[in-house]
Amino acid sequence: MIIFLGTGSDPIAYSTTFEFTVPEYVGNDVGKEVWYYVLAKVYVPPSLSGEHFYFVASADDSVQNVKLNGISKAGSGSSVNINLGTVSSRYYHLLEFEFVDVGGGGSLYFHVATATGEYAWLSRFRVYVPDYSDTEYKYTVKTRTYFPGDDFFLGGYADDFIDDVYVDVGLMWQDWMWDMGPTYGAIYAWGDGFMYPLGWQYGWRNITFTFGEIWGGGLLDFQHISKSQQPSRIGSPKFWTKVSATEASPYLKIYEAKALTGSNWTSDPGTSMRNIATTVRVLANTTDTNIFYPAPQEAQVSLTLYNLSTLYPTWSYQDIGVVVNLTYTYFIEGSVTYGMPIWFHSYSVEVKMAEQDYMLYMPCPSLVFYNQTQTSFISTEWKVVLAFASTALGKLMGQILGGGIVGWIAGSATGIYTGYRINQQISMAEGQVLNWTQECMGPSTSRNFTMNAFKTTKDQVPLSPVVGSVCSAFVFHILPMESNHCGLISINLKGYLYLPFFYKNPETEYGTWLPIKIEIHTMFSVFTQ
């Protein structure tokens with residue numbers, strides 16, 4: 001549990017009141033007595049130093065066990081006015097109590113103020129929901145909040161979700177940012193939390209939203225965050241990644257597998273350095289040394305999404321770049337694996353989008369590279385024309401395309417950036433040809449892309465050095481259609497990584513490749529305005 005007590009600067013935005021409304025219970029929950037545990041971060045401004053403060057609350061059915069900074073305060077019931085004594089200014093204090101509801105349909109309202117009605121500032125809230133039901137319930141949360149003028153976010157954690165964010169009576173964001181709609185389902189209990197943009201806010205506002213809880217105990221923790229004065233609390237975009245690497249041959253064993261993921265998020269939304277990258281690295285060897293020479297080797301497959309944004313304007317086309325990178329990171333110098341490249345066959349790159357009320361769709365075709373005539377085409381002539389150590393792809397075929405696509409991916413290659421706890425460098429070969437990518441048609445919210453198998457070298461001449469890294473890339477279009485919605489974009493890469501092994505007793509071939517099944521699945525939240 002996070003302890004709120006301590007010193008700190010004045011809150012940027014602060015609330016004065018908090019409301020929590022419980023829906024009617026249904027089924028076997030009717031008549032249950034449920035105890036909700038509530039905490040609030042309280043701050044007294046210097047102008048009110050030395051004043052006596054009171055915890056004022058009304059509840060259906062009751063408030064119990066009130067504490068300030070861990071010290072119990074006398075008083076309980078459906079309507080309380082508890083003397084908290086003198087509360088020090090310029091300190092954060094922890095207010096905690098239990099809200100009891102019987103049968104559902106109850107509500108809680110509270111504030112902390114002096115006898116003359118001067119409010120203390122409430123800057124953060126937390127509500128625990130006990131494990132009393134497997135039924136989904138939606139609670140209404142409301143704060144009366146003062147904003148000093150800035151771009152603000154509603155940020156925090158929720159098990160399971162929040163929904164329908166309002167500023168005063170205006171709907172700010174509809175839907176749930178982790179929901180892929182009825183077809184693709186939802187993700188519950190994101191550990192990274194939520195971050196809903198509220199835009200520029202000045203003066204007093206009522207912030208209202210829905211807190212949804214299902215499958216046992218729940219948790220809500222939230223605060224209002226200033227974009228300019230508290231950027232570290234906003235951080236990188238919220239995203240979800242799942243990685244798997246499994247042997248696809250009985251002759252191969254994975255001895256170690258690691259997954260690295262992170263994001264590089266610049267302040268300028270117009271730059272392509274906004275990306276999310278995930279890398280899976282495997283160390284493997286043969287299980288049968290009677291057939292194959294032992295050859296421990298390590299390789300990595302990376303998926304990077306470029307030119308991202310969490311906030312998209314409606315009826316404005318957006319391009320998102322997808323790069324798949326294959327790198328041979330370790331092999332035995334002088335071994336018989338020299339001259340046999342590793343290769344990767346991506347049989348599916350599935351792109352799906354949230355589909356609430358047609359929030360987003362992908363135009364046809366979605367694999368788009370533009371030249372100056374705005375002609376859509378697929379070409380096998382895409383090349384790396386500016387490639388240096390630790391920098392890849394640079395500009396894609398700027399001369400051939402007449403400069404139309406220059407800059408969309410002007411950053412480090414997949415997995416090759418200084419991101420969240422990641423620092424990798426891989427050298428790319430200048431003039432390297434990108435592999436052909438083909439779009440498979442699908443519904444307006446889903447597409448599947450396939451890539452030609454690509455290898456770390458073109459030939460198989462024995463004992464010739466292998467090229468260390470290759471990649472393939474494409475761009476897909478999205479078009480936001482409805483404002484005030486939030487949801488997900490999902491990219492799921494599936495393929496086989498083939499590692500080379502030489503036969504001990506070759507008949508017609510030097511050796512063969514043994515496969516590892518790789519899957520990298522990334523989802524990130526988007527808002528359409």
# chains A, B, ... in the order shown; residues from 1 in each chain; ligands from 1

$ residues_around --residues "stretch 435-452 of chain A" --least-positions-apart "2" --cutoff "6 Å" --atoms "only C-alpha atoms" --output "PDB file with C-alpha atoms, in the first residue's frame"
ATOM      1  CA  SER A 346       6.459 -14.237 -40.618  1.00  0.00           C
ATOM      2  CA  TYR A 347       3.272 -15.945 -41.664  1.00  0.00           C
ATOM      3  CA  SER A 348       1.031 -13.370 -39.985  1.00  0.00           C
ATOM      4  CA  VAL A 349       1.128  -9.758 -38.838  1.00  0.00           C
ATOM      5  CA  GLU A 350      -2.426  -9.169 -37.683  1.00  0.00           C
ATOM      6  CA  VAL A 351      -3.589  -5.595 -37.133  1.00  0.00           C
ATOM      7  CA  LYS A 352      -6.866  -5.059 -35.263  1.00  0.00           C
ATOM      8  CA  MET A 353      -8.542  -1.933 -33.972  1.00  0.00           C
ATOM      9  CA  TYR A 361     -11.134   1.860 -39.501  1.00  0.00           C
ATOM     10  CA  MET A 362      -8.390   0.935 -41.972  1.00  0.00           C
ATOM     11  CA  THR A 380      10.443  -4.781 -53.660  1.00  0.00           C
ATOM     12  CA  SER A 472      11.266  -5.733 -43.064  1.00  0.00           C
TER      13      SER A 472
END

$ residues_around --residues "A:Leu283" --least-positions-apart "3" --cutoff "6 Å" --atoms "only C-alpha atoms" --output "ChimeraX atom specification"
/A:254-256,297-298

$ closest_residue --among "A:Tyr251, A:Phe501, A:Phe125, A:Phe147" --to "A:Leu219" --atoms "only C-alpha atoms"
A:Phe125

$ atom_distance --atom1 "atom CA of A:Cys471" --atom2 "atom CA of A:Thr304"
10.8 Å

$ select_by_dssp --residues "stretch 54-98 of chain A" --states "strand (DSSP E or B)" --output "NGL selection string"
:A and (54-68 or 71-72 or 77-86 or 91-98)

$ atom_distance --atom1 "atom CA of A:Asn81" --atom2 "atom CA of A:Val66"
11.0 Å

$ residues_around --residues "A:Phe152" --least-positions-apart "5" --cutoff "8 Å" --atoms "only C-alpha atoms" --output "number ranges by chain"
A: 197-201, 224-227

$ closest_atom_pairs --of "stretch 154-221 of chain A" --to "stretch 131-145 of chain A" --cutoff "7 Å" --atoms "only C-alpha atoms" --output "JSON lines"
{"residue": "A:Trp204", "atom": "CA", "partner": "A:Thr145", "partner_atom": "CA", "distance": 5.6}
{"residue": "A:Arg205", "atom": "CA", "partner": "A:Thr145", "partner_atom": "CA", "distance": 5.3}
{"residue": "A:Asn206", "atom": "CA", "partner": "A:Arg144", "partner_atom": "CA", "distance": 4.7}
{"residue": "A:Ile207", "atom": "CA", "partner": "A:Thr143", "partner_atom": "CA", "distance": 5.4}
{"residue": "A:Thr208", "atom": "CA", "partner": "A:Lys142", "partner_atom": "CA", "distance": 4.4}
{"residue": "A:Phe209", "atom": "CA", "partner": "A:Val141", "partner_atom": "CA", "distance": 5.5}
{"residue": "A:Thr210", "atom": "CA", "partner": "A:Thr140", "partner_atom": "CA", "distance": 4.8}
{"residue": "A:Phe211", "atom": "CA", "partner": "A:Tyr139", "partner_atom": "CA", "distance": 5.0}
{"residue": "A:Gly212", "atom": "CA", "partner": "A:Lys138", "partner_atom": "CA", "distance": 4.4}
{"residue": "A:Glu213", "atom": "CA", "partner": "A:Tyr137", "partner_atom": "CA", "distance": 5.5}
{"residue": "A:Ile214", "atom": "CA", "partner": "A:Glu136", "partner_atom": "CA", "distance": 4.2}
{"residue": "A:Trp215", "atom": "CA", "partner": "A:Asp134", "partner_atom": "CA", "distance": 4.2}
{"residue": "A:Gly216", "atom": "CA", "partner": "A:Asp131", "partner_atom": "CA", "distance": 4.1}
{"residue": "A:Gly217", "atom": "CA", "partner": "A:Asp131", "partner_atom": "CA", "distance": 4.0}

$ residues_around --residues "A:Ala158" --least-positions-apart "3" --cutoff "9 Å" --atoms "only C-alpha atoms" --output "compact mmCIF listing (two decimals) with C-alpha atoms, in the first residue's frame"
# COMPACT_ATOMS: atom_id res chain seq x y z
CA PHE A 161 -11.64 -0.46 -15.57
CA ILE A 162 -13.00 3.06 -15.82
CA TYR A 188 -8.93 -6.45 -17.46
CA ALA A 189 -6.74 -5.17 -14.63
CA TRP A 190 -3.95 -3.42 -16.50
CA GLY A 191 -1.08 -3.00 -14.07
CA GLY A 193 -3.06 1.90 -15.17
CA PHE A 194 -4.95 4.49 -17.19
CA PHE A 211 -15.50 2.68 -12.14
CA GLY A 212 -16.20 -0.89 -13.25
CA GLU A 213 -15.41 -3.93 -11.10
CA GLY A 218 -11.42 -4.29 -6.99
CA LEU A 219 -9.22 -1.23 -6.64
CA LEU A 220 -9.46 2.36 -7.88
CA ASP A 221 -6.67 4.90 -7.36
CA PHE A 222 -6.67 8.23 -9.21

$ select_by_dssp --residues "stretch 173-385 of chain A" --states "alpha helix (DSSP H)" --output "ChimeraX atom specification"
/A:181-184,231-234

$ write_last_selection --atoms "C-alpha atoms" --output "short mmCIF file (atom, residue, chain, number, x, y, z; two decimals), in the first residue's frame"
data_model
loop_
_atom_site.label_atom_id
_atom_site.label_comp_id
_atom_site.auth_asym_id
_atom_site.auth_seq_id
_atom_site.Cartn_x
_atom_site.Cartn_y
_atom_site.Cartn_z
CA GLY A 181 -15.24 -4.30 -28.77
CA PRO A 182 -17.58 -7.29 -28.95
CA THR A 183 -15.52 -9.18 -31.53
CA TYR A 184 -12.04 -9.02 -30.00
CA PRO A 231 5.30 15.24 -16.79
CA SER A 232 7.06 12.41 -14.97
CA ARG A 233 3.70 11.24 -13.60
CA ILE A 234 2.31 10.99 -17.11
#

$ closest_atom_pairs --of "stretch 101-122 of chain A" --to "stretch 14-19 of chain A" --cutoff "10 Å" --atoms "only C-alpha atoms" --output "JSON lines"
{"residue": "A:Ser107", "atom": "CA", "partner": "A:Glu19", "partner_atom": "CA", "distance": 7.3}
{"residue": "A:Leu108", "atom": "CA", "partner": "A:Glu19", "partner_atom": "CA", "distance": 5.5}
{"residue": "A:Tyr109", "atom": "CA", "partner": "A:Glu19", "partner_atom": "CA", "distance": 4.5}
{"residue": "A:Phe110", "atom": "CA", "partner": "A:Phe18", "partner_atom": "CA", "distance": 5.6}
{"residue": "A:His111", "atom": "CA", "partner": "A:Thr17", "partner_atom": "CA", "distance": 4.9}
{"residue": "A:Val112", "atom": "CA", "partner": "A:Thr16", "partner_atom": "CA", "distance": 7.5}
{"residue": "A:Ala113", "atom": "CA", "partner": "A:Thr16", "partner_atom": "CA", "distance": 8.6}
{"residue": "A:Glu118", "atom": "CA", "partner": "A:Thr16", "partner_atom": "CA", "distance": 9.5}
{"residue": "A:Tyr119", "atom": "CA", "partner": "A:Thr16", "partner_atom": "CA", "distance": 6.1}
{"residue": "A:Ala120", "atom": "CA", "partner": "A:Thr16", "partner_atom": "CA", "distance": 6.7}
{"residue": "A:Trp121", "atom": "CA", "partner": "A:Tyr14", "partner_atom": "CA", "distance": 5.5}
{"residue": "A:Leu122", "atom": "CA", "partner": "A:Ser15", "partner_atom": "CA", "distance": 4.8}
